[in-house]
file structure_15.cif (mmCIF, C-alpha atoms)
data_data
#
loop_
_atom_site.label_atom_id
_atom_site.label_comp_id
_atom_site.auth_asym_id
_atom_site.auth_seq_id
_atom_site.Cartn_x
_atom_site.Cartn_y
_atom_site.Cartn_z
CA MET O 1197 2.95 -23.40 -13.76
CA ALA O 1198 6.18 -21.55 -13.32
CA THR O 1199 4.47 -18.15 -13.35
CA GLU O 1200 1.18 -17.97 -11.49
CA ARG O 1201 -1.03 -15.44 -13.24
CA ASP O 1202 -4.16 -14.01 -11.68
CA LEU O 1203 -7.03 -16.40 -12.45
CA TYR O 1204 -9.31 -13.60 -13.62
CA THR O 1205 -6.59 -12.44 -16.00
CA VAL O 1206 -6.27 -15.98 -17.35
CA LEU O 1207 -9.95 -15.99 -18.34
CA GLY O 1208 -9.91 -12.33 -19.38
CA VAL O 1209 -12.73 -11.25 -17.05
CA GLU O 1210 -13.12 -8.63 -14.34
CA ARG O 1211 -13.09 -9.65 -10.69
CA GLY O 1212 -16.75 -8.75 -10.41
CA ALA O 1213 -17.72 -11.00 -13.35
CA SER O 1214 -20.91 -13.03 -12.97
CA ASP O 1215 -20.97 -16.83 -13.16
CA ALA O 1216 -22.43 -16.60 -16.66
CA GLU O 1217 -19.64 -14.26 -17.80
CA ILE O 1218 -17.00 -16.59 -16.40
CA LYS O 1219 -18.52 -19.58 -18.16
CA ARG O 1220 -18.85 -17.65 -21.42
CA ALA O 1221 -15.20 -16.59 -21.27
CA PHE O 1222 -14.16 -20.16 -20.54
CA ARG O 1223 -16.12 -21.54 -23.50
CA LYS O 1224 -14.56 -19.04 -25.85
CA LEU O 1225 -11.00 -19.74 -24.70
CA ALA O 1226 -11.54 -23.51 -24.63
CA GLN O 1227 -12.63 -23.43 -28.24
CA GLN O 1228 -9.58 -21.37 -29.16
CA TRP O 1229 -6.88 -23.30 -27.26
CA HIS O 1230 -8.00 -26.93 -27.18
CA PRO O 1231 -5.01 -29.03 -28.38
CA ASP O 1232 -7.23 -30.90 -30.86
CA VAL O 1233 -8.00 -27.62 -32.60
CA ASN O 1234 -4.96 -25.44 -31.92
CA LYS O 1235 -1.64 -26.94 -33.03
CA GLU O 1236 0.57 -24.18 -31.62
CA PRO O 1237 3.29 -25.48 -29.24
CA GLU O 1238 1.92 -23.58 -26.25
CA ALA O 1239 -1.71 -24.66 -26.78
CA GLN O 1240 -1.65 -27.56 -24.33
CA ALA O 1241 -0.15 -25.49 -21.49
CA ARG O 1242 -2.50 -22.59 -22.21
CA PHE O 1243 -5.51 -24.90 -22.25
CA LYS O 1244 -4.49 -26.40 -18.91
CA GLU O 1245 -4.10 -22.92 -17.40
CA ILE O 1246 -7.59 -21.93 -18.63
CA ASN O 1247 -9.07 -25.11 -17.20
CA GLU O 1248 -7.42 -24.62 -13.82
CA ALA O 1249 -8.71 -21.05 -13.56
CA TYR O 1250 -12.22 -22.17 -14.43
CA GLN O 1251 -12.20 -24.92 -11.79
CA VAL O 1252 -11.70 -22.29 -9.09
CA LEU O 1253 -13.80 -19.41 -10.39
CA SER O 1254 -16.81 -21.59 -11.29
CA ASP O 1255 -16.99 -22.86 -7.69
CA PRO O 1256 -18.53 -20.13 -5.44
CA GLN O 1257 -16.78 -21.31 -2.27
CA ARG O 1258 -13.33 -21.68 -3.85
CA ARG O 1259 -13.77 -18.38 -5.69
CA GLN O 1260 -14.52 -16.57 -2.41
CA THR O 1261 -11.44 -18.14 -0.81
CA TYR O 1262 -9.28 -17.06 -3.76
CA ASP O 1263 -10.70 -13.52 -3.71
CA THR O 1264 -9.85 -13.18 -0.01
CA PHE O 1265 -6.51 -14.97 0.29
CA GLY O 1266 -5.25 -15.51 -3.28
CA ARG O 1267 -3.69 -18.83 -4.30
CA ALA O 1268 -2.27 -19.27 -0.78
CA GLY O 1269 -5.78 -19.77 0.56
CA LEU O 1270 -6.46 -22.66 -1.86
CA GLY O 1271 -3.76 -24.91 -0.38
CA GLN O 1272 -0.19 -25.87 -1.15
CA ASP O 1273 -1.06 -27.05 -4.64
CA GLY O 1274 -2.37 -23.61 -5.59
CA GLY O 1275 -6.01 -24.65 -5.67
CA GLY O 1276 -6.23 -28.42 -5.71
CA PHE O 1277 -5.80 -28.69 -9.47
CA GLU O 1278 -5.70 -32.27 -10.69
CA GLY O 1279 -4.80 -31.47 -14.27
CA GLY O 1280 -8.09 -32.90 -15.59
CA PHE O 1281 -10.92 -31.00 -17.18
CA GLY O 1282 -13.39 -29.18 -14.97
CA GLY O 1283 -16.45 -31.24 -15.93
CA PHE O 1284 -17.01 -33.11 -19.21
CA GLY O 1285 -20.25 -31.24 -19.70
CA ASP O 1286 -18.36 -27.96 -19.77
CA ILE O 1287 -15.99 -29.03 -22.56
CA PHE O 1288 -18.87 -30.53 -24.56
CA ASP O 1289 -20.88 -27.36 -24.10
CA ALA O 1290 -17.87 -25.22 -25.00
CA PHE O 1291 -17.67 -26.79 -28.48
CA PHE O 1292 -21.26 -27.66 -29.31
CA GLY O 1293 -23.42 -25.48 -27.07
CA GLY O 1294 -22.64 -22.17 -28.76
CA ALA O 1295 -24.44 -22.86 -32.03
CA ALA O 1296 -27.57 -24.03 -30.24
CA ALA O 1297 -27.65 -21.27 -27.67
CA GLY O 1298 -30.49 -18.79 -28.01
CA ALA O 1299 -30.12 -15.07 -28.39
CA ARG O 1300 -29.25 -13.26 -25.18
CA ARG O 1301 -30.23 -9.78 -24.26
CA GLY O 1302 -27.43 -7.30 -23.62
CA ARG O 1303 -26.26 -6.82 -20.06
CA PRO O 1304 -24.90 -3.56 -18.68
CA GLN O 1305 -21.13 -3.53 -18.38
CA ALA O 1306 -19.89 -4.11 -14.84
CA GLY O 1307 -17.81 -1.47 -13.09
CA SER O 1308 -14.12 -1.86 -12.34
CA ASP O 1309 -12.72 -3.31 -9.14
CA LEU O 1310 -10.77 -0.95 -6.91
CA ARG O 1311 -7.81 -1.45 -4.59
CA TYR O 1312 -7.18 0.44 -1.37
CA ASP O 1313 -3.99 -0.08 0.67
CA ILE O 1314 -4.37 0.42 4.41
CA ARG O 1315 -1.72 0.29 7.15
CA ILE O 1316 -2.58 -0.92 10.63
CA SER O 1317 -0.58 -1.50 13.80
CA PHE O 1318 0.67 -4.90 14.95
CA GLU O 1319 -1.84 -4.86 17.82
CA GLU O 1320 -4.74 -4.04 15.47
CA ALA O 1321 -3.80 -7.01 13.27
CA ILE O 1322 -4.00 -9.30 16.32
CA ARG O 1323 -7.13 -7.89 17.93
CA GLY O 1324 -9.03 -6.64 14.88
CA ALA O 1325 -10.19 -3.07 14.30
CA GLU O 1326 -12.69 -0.78 12.63
CA LYS O 1327 -11.19 1.66 10.13
CA GLU O 1328 -12.72 4.49 8.16
CA ILE O 1329 -11.36 4.95 4.65
CA GLU O 1330 -11.97 7.57 1.99
CA PHE O 1331 -11.30 7.09 -1.71
CA PRO O 1332 -12.33 8.50 -5.13
CA VAL O 1333 -14.79 6.38 -7.07
CA LEU O 1334 -17.00 6.59 -10.15
CA GLY O 1335 -20.55 6.65 -8.76
CA ARG O 1336 -23.96 6.72 -10.36
CA CYS O 1337 -24.87 10.06 -11.95
CA GLU O 1338 -27.74 11.64 -10.02
CA THR O 1339 -28.85 13.80 -12.94
CA CYS O 1340 -29.77 10.88 -15.22
CA SER O 1341 -30.01 8.20 -12.50
CA GLY O 1342 -27.20 6.33 -14.23
CA SER O 1343 -28.94 5.87 -17.58
CA GLY O 1344 -26.52 8.17 -19.44
CA ALA O 1345 -29.44 9.77 -21.29
CA LYS O 1346 -30.47 13.39 -20.89
CA PRO O 1347 -33.52 13.69 -18.59
CA GLY O 1348 -36.68 13.50 -20.65
CA THR O 1349 -35.04 11.31 -23.33
CA SER O 1350 -34.41 7.58 -23.58
CA SER O 1351 -31.95 5.19 -25.20
CA SER O 1352 -32.59 3.14 -28.33
CA THR O 1353 -31.81 -0.41 -29.41
CA CYS O 1354 -28.31 -0.85 -30.80
CA PRO O 1355 -28.60 -1.40 -34.58
CA GLN O 1356 -25.36 -3.42 -34.78
CA CYS O 1357 -26.32 -6.19 -32.38
CA ASN O 1358 -30.11 -5.67 -32.33
CA GLY O 1359 -30.10 -5.32 -28.56
CA ARG O 1360 -28.28 -8.56 -27.80
CA GLY O 1361 -25.08 -6.84 -26.63
CA GLU O 1362 -22.92 -9.28 -28.59
CA VAL O 1363 -21.98 -10.07 -32.15
CA ARG O 1364 -21.34 -13.54 -33.56
CA ALA O 1365 -19.13 -14.97 -36.28
CA VAL O 1366 -19.63 -18.53 -37.56
CA ARG O 1367 -16.67 -20.60 -38.84
CA GLN O 1368 -16.09 -24.18 -39.90
CA THR O 1369 -13.48 -26.31 -38.08
CA MET O 1370 -12.49 -29.95 -37.97
CA LEU O 1371 -14.96 -30.34 -35.09
CA GLY O 1372 -17.79 -28.82 -37.07
CA GLN O 1373 -19.42 -25.41 -36.97
CA MET O 1374 -18.24 -23.05 -34.25
CA VAL O 1375 -19.68 -19.74 -33.21
CA ASN O 1376 -17.35 -17.02 -31.97
CA VAL O 1377 -19.21 -14.61 -29.67
CA SER O 1378 -17.79 -11.21 -28.71
CA THR O 1379 -19.06 -8.04 -27.04
CA CYS O 1380 -20.68 -5.58 -29.41
CA PRO O 1381 -18.13 -2.80 -30.02
CA ARG O 1382 -20.79 -0.14 -30.59
CA CYS O 1383 -22.89 -0.48 -27.42
CA ARG O 1384 -20.15 -2.21 -25.34
CA GLY O 1385 -22.47 -5.06 -24.44
CA ASP O 1386 -25.32 -2.88 -23.20
CA GLY O 1387 -27.61 -3.54 -26.16
CA ARG O 1388 -28.76 0.08 -26.25
CA ILE O 1389 -27.44 3.38 -27.62
CA VAL O 1390 -27.76 6.78 -25.95
CA ASP O 1391 -28.85 9.27 -28.63
CA THR O 1392 -28.96 12.37 -26.39
CA PRO O 1393 -26.28 12.10 -23.69
CA CYS O 1394 -26.70 13.51 -20.20
CA GLU O 1395 -24.86 16.82 -19.90
CA THR O 1396 -23.51 16.00 -16.43
CA CYS O 1397 -21.90 12.62 -17.16
CA LYS O 1398 -21.57 12.94 -20.97
CA GLY O 1399 -23.58 9.76 -21.51
CA ASP O 1400 -21.48 7.53 -19.26
CA GLY O 1401 -23.98 7.39 -16.41
CA ARG O 1402 -21.19 7.94 -13.85
CA VAL O 1403 -19.44 10.85 -12.17
CA GLU O 1404 -16.38 10.86 -9.89
CA ARG O 1405 -16.88 11.53 -6.20
CA ASN O 1406 -15.20 10.79 -2.88
CA ARG O 1407 -16.64 7.97 -0.82
CA THR O 1408 -16.22 7.10 2.86
CA LEU O 1409 -16.57 3.55 4.18
CA ARG O 1410 -16.01 1.76 7.48
CA VAL O 1411 -14.01 -1.42 7.10
CA SER O 1412 -13.94 -4.23 9.67
CA ILE O 1413 -10.44 -5.68 10.08
CA PRO O 1414 -10.81 -9.26 11.39
CA PRO O 1415 -8.57 -10.43 14.26
CA GLY O 1416 -5.54 -12.39 13.05
CA ILE O 1417 -5.20 -10.73 9.65
CA ASP O 1418 -1.65 -10.67 8.28
CA GLU O 1419 0.53 -8.62 5.96
CA GLY O 1420 -0.73 -8.64 2.36
CA HIS O 1421 -4.16 -10.12 3.11
CA GLN O 1422 -7.06 -8.68 1.14
CA ILE O 1423 -10.57 -7.88 2.31
CA ARG O 1424 -13.11 -8.01 -0.49
CA LEU O 1425 -16.11 -5.67 -0.26
CA SER O 1426 -18.58 -6.68 -2.97
CA ASN O 1427 -20.40 -3.94 -4.88
CA GLU O 1428 -18.27 -1.23 -3.28
CA GLY O 1429 -16.11 -0.57 -6.35
CA GLU O 1430 -16.94 1.59 -9.35
CA VAL O 1431 -20.42 1.31 -10.82
CA GLY O 1432 -20.62 0.24 -14.44
CA PRO O 1433 -21.46 2.59 -17.30
CA ARG O 1434 -25.18 3.32 -17.72
CA SER O 1435 -26.47 1.58 -14.59
CA GLY O 1436 -24.07 -1.34 -14.83
CA PRO O 1437 -23.42 -3.35 -11.64
CA ALA O 1438 -20.66 -2.16 -9.32
CA GLY O 1439 -17.33 -3.91 -9.03
CA SER O 1440 -15.64 -4.88 -5.77
CA LEU O 1441 -13.33 -2.97 -3.47
CA TYR O 1442 -10.22 -4.85 -2.37
CA VAL O 1443 -8.67 -3.51 0.83
CA VAL O 1444 -5.04 -4.67 1.00
CA VAL O 1445 -3.70 -4.76 4.57
CA HIS O 1446 -0.17 -3.77 5.57
CA VAL O 1447 0.96 -4.38 9.15
CA THR O 1448 3.57 -2.30 10.99
CA PRO O 1449 6.11 -4.70 12.57
CA HIS O 1450 6.33 -4.97 16.38
CA PRO O 1451 9.62 -3.71 17.87
CA GLU O 1452 10.11 -6.87 19.98
CA LEU O 1453 7.70 -9.59 18.88
CA ARG O 1454 8.06 -11.59 15.66
CA ARG O 1455 5.08 -13.21 14.01
CA GLU O 1456 5.14 -16.64 12.34
CA GLY O 1457 1.61 -17.43 11.20
CA THR O 1458 -0.49 -17.71 14.35
CA GLU O 1459 2.56 -17.96 16.60
CA LEU O 1460 4.51 -15.12 18.21
CA VAL O 1461 8.21 -15.28 19.08
CA TYR O 1462 10.15 -13.27 21.67
CA GLU O 1463 13.86 -13.61 22.41
CA ALA O 1464 14.78 -12.86 26.02
CA ASP O 1465 18.37 -12.11 27.02
CA VAL O 1466 19.54 -13.21 30.48
CA SER O 1467 22.96 -13.10 32.12
CA ILE O 1468 25.04 -16.16 33.02
CA ALA O 1469 24.11 -15.68 36.67
CA GLN O 1470 20.39 -15.39 35.89
CA ALA O 1471 20.48 -18.53 33.76
CA ALA O 1472 22.36 -20.46 36.47
CA LEU O 1473 20.42 -19.21 39.49
CA GLY O 1474 17.04 -18.50 37.93
CA THR O 1475 15.08 -15.26 37.68
CA ARG O 1476 11.75 -13.73 36.65
CA LEU O 1477 11.39 -11.72 33.45
CA SER O 1478 8.79 -9.29 32.17
CA VAL O 1479 7.79 -10.35 28.64
CA PRO O 1480 5.83 -8.14 26.19
CA THR O 1481 2.58 -9.56 24.81
CA VAL O 1482 -0.17 -7.97 22.74
CA ASP O 1483 -2.26 -7.95 25.93
CA GLY O 1484 0.39 -6.19 28.03
CA GLU O 1485 3.47 -7.22 30.00
CA GLU O 1486 3.49 -10.70 31.53
CA GLU O 1487 5.96 -12.17 34.03
CA VAL O 1488 7.61 -15.52 33.29
CA GLU O 1489 9.94 -17.68 35.34
CA VAL O 1490 13.43 -18.65 34.16
CA LYS O 1491 14.27 -21.74 36.17
CA PRO O 1492 17.74 -22.32 37.68
CA GLY O 1493 20.08 -24.05 35.24
CA THR O 1494 18.27 -22.79 32.15
CA GLN O 1495 20.28 -23.52 29.01
CA PRO O 1496 20.69 -21.25 25.95
CA GLY O 1497 17.81 -21.68 23.49
CA THR O 1498 15.36 -22.94 26.14
CA GLU O 1499 11.75 -22.29 25.13
CA ILE O 1500 9.07 -21.00 27.48
CA ARG O 1501 5.62 -21.25 25.91
CA LEU O 1502 2.73 -18.96 26.85
CA ARG O 1503 -0.35 -20.69 25.51
CA GLY O 1504 -3.12 -18.61 23.99
CA LYS O 1505 -0.96 -15.47 23.85
CA GLY O 1506 -0.36 -15.64 20.11
CA VAL O 1507 -2.47 -14.69 17.07
CA PRO O 1508 -6.16 -15.59 16.59
CA HIS O 1509 -6.97 -18.06 13.79
CA LEU O 1510 -8.79 -16.33 10.95
CA ARG O 1511 -10.90 -19.38 10.18
CA ARG O 1512 -11.37 -20.84 13.67
CA SER O 1513 -13.23 -18.49 15.95
CA GLY O 1514 -11.99 -18.53 19.54
CA SER O 1515 -8.77 -20.36 18.68
CA ARG O 1516 -5.46 -18.61 19.22
CA GLY O 1517 -1.78 -19.45 18.79
CA ASP O 1518 0.97 -19.30 21.42
CA LEU O 1519 3.80 -16.96 22.39
CA HIS O 1520 7.20 -18.67 22.35
CA VAL O 1521 9.87 -17.13 24.58
CA PHE O 1522 13.40 -18.27 23.69
CA VAL O 1523 16.08 -17.67 26.29
CA ASN O 1524 19.43 -16.30 25.11
CA VAL O 1525 22.30 -16.40 27.62
CA ALA O 1526 24.31 -13.22 27.09
CA VAL O 1527 28.06 -13.66 27.66
CA PRO O 1528 29.69 -10.39 28.78
CA THR O 1529 32.39 -9.03 26.47
CA LYS O 1530 33.93 -6.75 29.11
CA LEU O 1531 34.58 -7.61 32.79
CA SER O 1532 35.65 -5.56 35.74
CA ARG O 1533 38.50 -6.93 37.87
CA ARG O 1534 36.05 -8.07 40.54
CA GLN O 1535 33.84 -9.82 38.00
CA ARG O 1536 36.84 -11.59 36.56
CA GLU O 1537 37.96 -12.74 39.98
CA LEU O 1538 34.53 -14.12 40.80
CA LEU O 1539 34.33 -16.03 37.50
CA GLU O 1540 37.82 -17.44 38.01
CA GLU O 1541 36.83 -18.57 41.49
CA LEU O 1542 33.75 -20.23 40.04
CA ALA O 1543 35.91 -22.00 37.47
CA ARG O 1544 38.29 -23.26 40.18
CA GLU O 1545 35.38 -24.58 42.21
CA GLY O 1546 34.20 -26.52 39.17
CA GLY O 1547 37.66 -27.77 38.29
CA GLU O 1548 37.58 -25.91 35.01
CA THR O 1549 40.55 -24.52 33.11
CA VAL O 1550 40.17 -20.98 31.80
CA SER O 1551 42.35 -18.82 29.62
CA ALA O 1552 44.54 -16.14 31.14
CA ASN O 1553 44.11 -13.97 28.06
CA GLY O 1554 43.00 -10.49 28.85
CA ARG O 1555 44.98 -10.22 32.10
CA GLY O 1556 48.06 -8.08 32.42
CA GLY O 1557 47.03 -5.75 29.61
CA LEU O 1558 47.79 -2.06 29.33
CA ARG O 1559 44.61 -1.01 31.14
CA GLU O 1560 45.37 -3.33 34.07
CA LYS O 1561 49.00 -2.14 34.30
CA LEU O 1562 47.79 1.42 34.50
CA GLY O 1563 45.34 0.47 37.22
CA LEU O 1564 42.31 0.96 34.98
CA GLY O 1565 41.21 -2.67 34.85
#

call {"tool": "encode", "arguments": {"input": "structure_15.cif", "output": "structure tokens"}}
result
Amino acid sequence: MATERDLYTVLGVERGASDAEIKRAFRKLAQQWHPDVNKEPEAQARFKEINEAYQVLSDPQRRQTYDTFGRAGLGQDGGGFEGGFGGFGDIFDAFFGGAAAGARRGRPQAGSDLRYDIRISFEEAIRGAEKEIEFPVLGRCETCSGSGAKPGTSSSTCPQCNGRGEVRAVRQTMLGQMVNVSTCPRCRGDGRIVDTPCETCKGDGRVERNRTLRVSIPPGIDEGHQIRLSNEGEVGPRSGPAGSLYVVVHVTPHPELRREGTELVYEADVSIAQAALGTRLSVPTVDGEEEVEVKPGTQPGTEIRLRGKGVPHLRRSGSRGDLHVFVNVAVPTKLSRRQRELLEELAREGGETVSANGRGGLREKLGLG
């Protein structure tokens, strides 16, 4: 797909949706967009997109990987999609299972997911850290214990859906009878109606409050990575389950080190004399300064590798990348008279021809060279 939409958006569900809700959304969309039923030009592409989203979100392990790392965590192909259908039983059930399915009781509506952006230092991203965050959230009303009903009263069965939390419409298609199921608009899927609302939360079962949490930042996390904290988002209306909190990490760049995945890069400048004769340099690492040897005759672009001084692997405990030190030989742009004489002597010793440009200029004539 040219534009990669969020997989939850593709299926039209919240990030905290249950497996049953994901499957129900898939069935509904599959019935609507299957090319054998829908003759619109975009039906085939839309159906493929729905199928691909369902393949990931119906698999608990792949869904967890997607929630944490996005499509990048699923591999170069964006999730291992093969273009086929995610199980023949699912497509059969999508078209013929709805009419035979029994009545379902209403479920409380899940709360919304939340996003919190946090900035950490370069060193904290490498080593890991514990951070305390504070954010506003809709929490359960203590007055009514989240029911939405005034203390001493209770809710009643929704008359529109008879407590099922959903309404159905039956229609005939070329594939036979199909049942279109949607959330009851009156009770919003809860199956019950609050007749006497709680005065504190106005019947919603939630009130806004500030919440404080401690978040563990794993070693090796990178810019833009997300940490999912299940059930730490907003609670749903009238005792509905809580959504998730997504902590999005932003890393302050290091002034000298550059990160490339699990590898770190440092560019060290040495003079011509240091490169020719050798020297020892102090190199910054996330664990402190470390001395490295530049051997005599080192050429520009030479790499010195410090193994195990890079970034920890997020998925391989105890494994760590390397620090790559690249040597740059700095050529001076300005020379004193003595420096010029020494370099010219070096050139004569090596039988090299050098340019006389730069000699006899105004500064030298005035005795300032």

call {"tool": "closest_residue", "arguments": {"input": "structure_15.cif", "among": "O:Val1333, O:Cys1383, O:Leu1502, O:Leu1542", "to": "Glu1404 of chain O", "atoms": "all atoms listed in the file"}}
result
O:Val1333

call {"tool": "resolve_selection", "arguments": {"input": "structure_15.cif", "expression": "the PyMOL selection byres ((chain O and resi 1415) around 6)", "output": "PyMOL selection string"}}
result
chain O and resi 1321-1324+1414+1416-1417

call {"tool": "atom_distance", "arguments": {"input": "structure_15.cif", "atom1": "atom CA of Glu1320 of chain O", "atom2": "atom CA of Thr1408 of chain O"}}
result
20.4 Å

call {"tool": "atom_distance", "arguments": {"input": "structure_15.cif", "atom1": "atom CA of Ser1350 of chain O", "atom2": "atom CA of Val1377 of chain O"}}
result
27.6 Å

call {"tool": "residues_around", "arguments": {"input": "structure_15.cif", "residues": "Leu1409 of chain O", "least_positions_apart": "5", "cutoff": "9 Å", "atoms": "all atoms listed in the file", "output": "ChimeraX atom specification"}}
result
/O:1327-1331

call {"tool": "closest_residue", "arguments": {"input": "structure_15.cif", "among": "O:Pro1451, O:Val1443, O:Asn1376, O:Ser1341", "to": "Val1403 of chain O", "atoms": "only C-alpha atoms"}}
result
O:Ser1341

call {"tool": "residues_near_point", "arguments": {"input": "structure_15.cif", "point": "(-1.2, -19.3, 18.8)", "cutoff": "7 Å", "atoms": "all atoms listed in the file", "output": "list in words"}}
result
Thr1458, Glu1459, Arg1503, Gly1504, Lys1505, Gly1506, Val1507, Pro1508, Arg1516, Gly1517, Asp1518 and Leu1519 of chain O

call {"tool": "closest_residue", "arguments": {"input": "structure_15.cif", "among": "O:Gln1422, O:Ser1254, O:Ser1351, O:Gln1535", "to": "Ala1216 of chain O", "atoms": "all atoms listed in the file"}}
result
O:Ser1254

call {"tool": "resolve_selection", "arguments": {"input": "structure_15.cif", "expression": "the PyMOL selection byres ((chain O and resi 1204-1212) around 8)", "output": "PyMOL selection string"}}
result
chain O and resi 1201-1203+1213-1214+1217-1218+1221-1222+1225+1245-1246+1249-1250+1306-1309+1426+1438-1440

call {"tool": "closest_residue", "arguments": {"input": "structure_15.cif", "among": "O:Gly1547, O:Gly1387, O:Pro1449, O:Gly1401", "to": "Arg1315 of chain O", "atoms": "only C-alpha atoms"}}
result
O:Pro1449

call {"tool": "residues_near_point", "arguments": {"input": "structure_15.cif", "point": "(-26.2, -0.8, -29.7)", "cutoff": "8 Å", "atoms": "only C-alpha atoms", "output": "list in words"}}
result
Ser1352, Thr1353, Cys1354, Pro1355, Gln1356, Cys1357, Asn1358, Gly1359, Gly1361, Cys1380, Arg1382, Cys1383, Arg1384, Gly1385, Asp1386, Gly1387, Arg1388 and Ile1389 of chain O

call {"tool": "closest_residue", "arguments": {"input": "structure_15.cif", "among": "O:Thr1379, O:Asp1215, O:Arg1402, O:Pro1332", "to": "Arg1259 of chain O", "atoms": "all atoms listed in the file"}}
result
O:Asp1215

call {"tool": "resolve_selection", "arguments": {"input": "structure_15.cif", "expression": "the PyMOL selection byres ((chain O and resi 1343) around 7)", "output": "ChimeraX atom specification"}}
result
/O:1340-1342,1344-1345,1401,1434-1435

call {"tool": "atom_distance", "arguments": {"input": "structure_15.cif", "atom1": "atom CA of Leu1453 of chain O", "atom2": "atom CA of Ser1478 of chain O"}}
result
13.3 Å

call {"tool": "closest_residue", "arguments": {"input": "structure_15.cif", "among": "O:Glu1236, O:Thr1339, O:Arg1424, O:Lys1219", "to": "Gly1399 of chain O", "atoms": "all atoms listed in the file"}}
result
O:Thr1339

call {"tool": "residues_around", "arguments": {"input": "structure_15.cif", "residues": "Leu1473 of chain O", "least_positions_apart": "5", "cutoff": "10 Å", "atoms": "all atoms listed in the file", "output": "PyMOL selection string"}}
result
chain O and resi 1467-1468+1490-1494

call {"tool": "build_atoms", "arguments": {"input": "structure_15.cif", "residues": "segment 1318-1333 of chain O", "atoms": "N, CA and C atoms", "output": "PDB file, keeping the file's coordinate frame"}}
result
ATOM      1  N   PHE O1318       0.527  -3.472  14.637  1.00  0.00           N
ATOM      2  CA  PHE O1318       0.670  -4.900  14.950  1.00  0.00           C
ATOM      3  C   PHE O1318      -0.466  -5.343  15.867  1.00  0.00           C
ATOM      4  N   GLU O1319      -0.786  -4.520  16.863  1.00  0.00           N
ATOM      5  CA  GLU O1319      -1.840  -4.860  17.820  1.00  0.00           C
ATOM      6  C   GLU O1319      -3.210  -4.925  17.136  1.00  0.00           C
ATOM      7  N   GLU O1320      -3.465  -4.026  16.182  1.00  0.00           N
ATOM      8  CA  GLU O1320      -4.740  -4.040  15.470  1.00  0.00           C
ATOM      9  C   GLU O1320      -4.875  -5.298  14.615  1.00  0.00           C
ATOM     10  N   ALA O1321      -3.762  -5.778  14.061  1.00  0.00           N
ATOM     11  CA  ALA O1321      -3.800  -7.010  13.270  1.00  0.00           C
ATOM     12  C   ALA O1321      -4.155  -8.208  14.156  1.00  0.00           C
ATOM     13  N   ILE O1322      -3.720  -8.184  15.410  1.00  0.00           N
ATOM     14  CA  ILE O1322      -4.000  -9.300  16.320  1.00  0.00           C
ATOM     15  C   ILE O1322      -5.428  -9.217  16.848  1.00  0.00           C
ATOM     16  N   ARG O1323      -5.835  -8.042  17.260  1.00  0.00           N
ATOM     17  CA  ARG O1323      -7.130  -7.890  17.930  1.00  0.00           C
ATOM     18  C   ARG O1323      -8.286  -7.605  16.981  1.00  0.00           C
ATOM     19  N   GLY O1324      -7.990  -7.100  15.781  1.00  0.00           N
ATOM     20  CA  GLY O1324      -9.030  -6.640  14.880  1.00  0.00           C
ATOM     21  C   GLY O1324      -9.300  -5.161  15.128  1.00  0.00           C
ATOM     22  N   ALA O1325      -9.941  -4.511  14.167  1.00  0.00           N
ATOM     23  CA  ALA O1325     -10.190  -3.070  14.300  1.00  0.00           C
ATOM     24  C   ALA O1325     -11.265  -2.639  13.321  1.00  0.00           C
ATOM     25  N   GLU O1326     -11.784  -1.448  13.555  1.00  0.00           N
ATOM     26  CA  GLU O1326     -12.690  -0.780  12.630  1.00  0.00           C
ATOM     27  C   GLU O1326     -11.971   0.444  12.071  1.00  0.00           C
ATOM     28  N   LYS O1327     -11.900   0.557  10.763  1.00  0.00           N
ATOM     29  CA  LYS O1327     -11.190   1.660  10.130  1.00  0.00           C
ATOM     30  C   LYS O1327     -12.116   2.387   9.149  1.00  0.00           C
ATOM     31  N   GLU O1328     -11.974   3.686   9.125  1.00  0.00           N
ATOM     32  CA  GLU O1328     -12.720   4.490   8.160  1.00  0.00           C
ATOM     33  C   GLU O1328     -11.782   4.893   7.025  1.00  0.00           C
ATOM     34  N   ILE O1329     -12.192   4.626   5.801  1.00  0.00           N
ATOM     35  CA  ILE O1329     -11.360   4.950   4.650  1.00  0.00           C
ATOM     36  C   ILE O1329     -12.116   5.874   3.713  1.00  0.00           C
ATOM     37  N   GLU O1330     -11.380   6.674   2.978  1.00  0.00           N
ATOM     38  CA  GLU O1330     -11.970   7.570   1.990  1.00  0.00           C
ATOM     39  C   GLU O1330     -11.211   7.419   0.680  1.00  0.00           C
ATOM     40  N   PHE O1331     -11.937   7.324  -0.423  1.00  0.00           N
ATOM     41  CA  PHE O1331     -11.300   7.090  -1.710  1.00  0.00           C
ATOM     42  C   PHE O1331     -12.169   7.647  -2.833  1.00  0.00           C
ATOM     43  N   PRO O1332     -11.555   8.033  -3.977  1.00  0.00           N
ATOM     44  CA  PRO O1332     -12.330   8.500  -5.130  1.00  0.00           C
ATOM     45  C   PRO O1332     -12.917   7.319  -5.886  1.00  0.00           C
ATOM     46  N   VAL O1333     -14.129   7.484  -6.374  1.00  0.00           N
ATOM     47  CA  VAL O1333     -14.790   6.380  -7.070  1.00  0.00           C
ATOM     48  C   VAL O1333     -15.755   6.955  -8.103  1.00  0.00           C
TER      49      VAL O1333
END
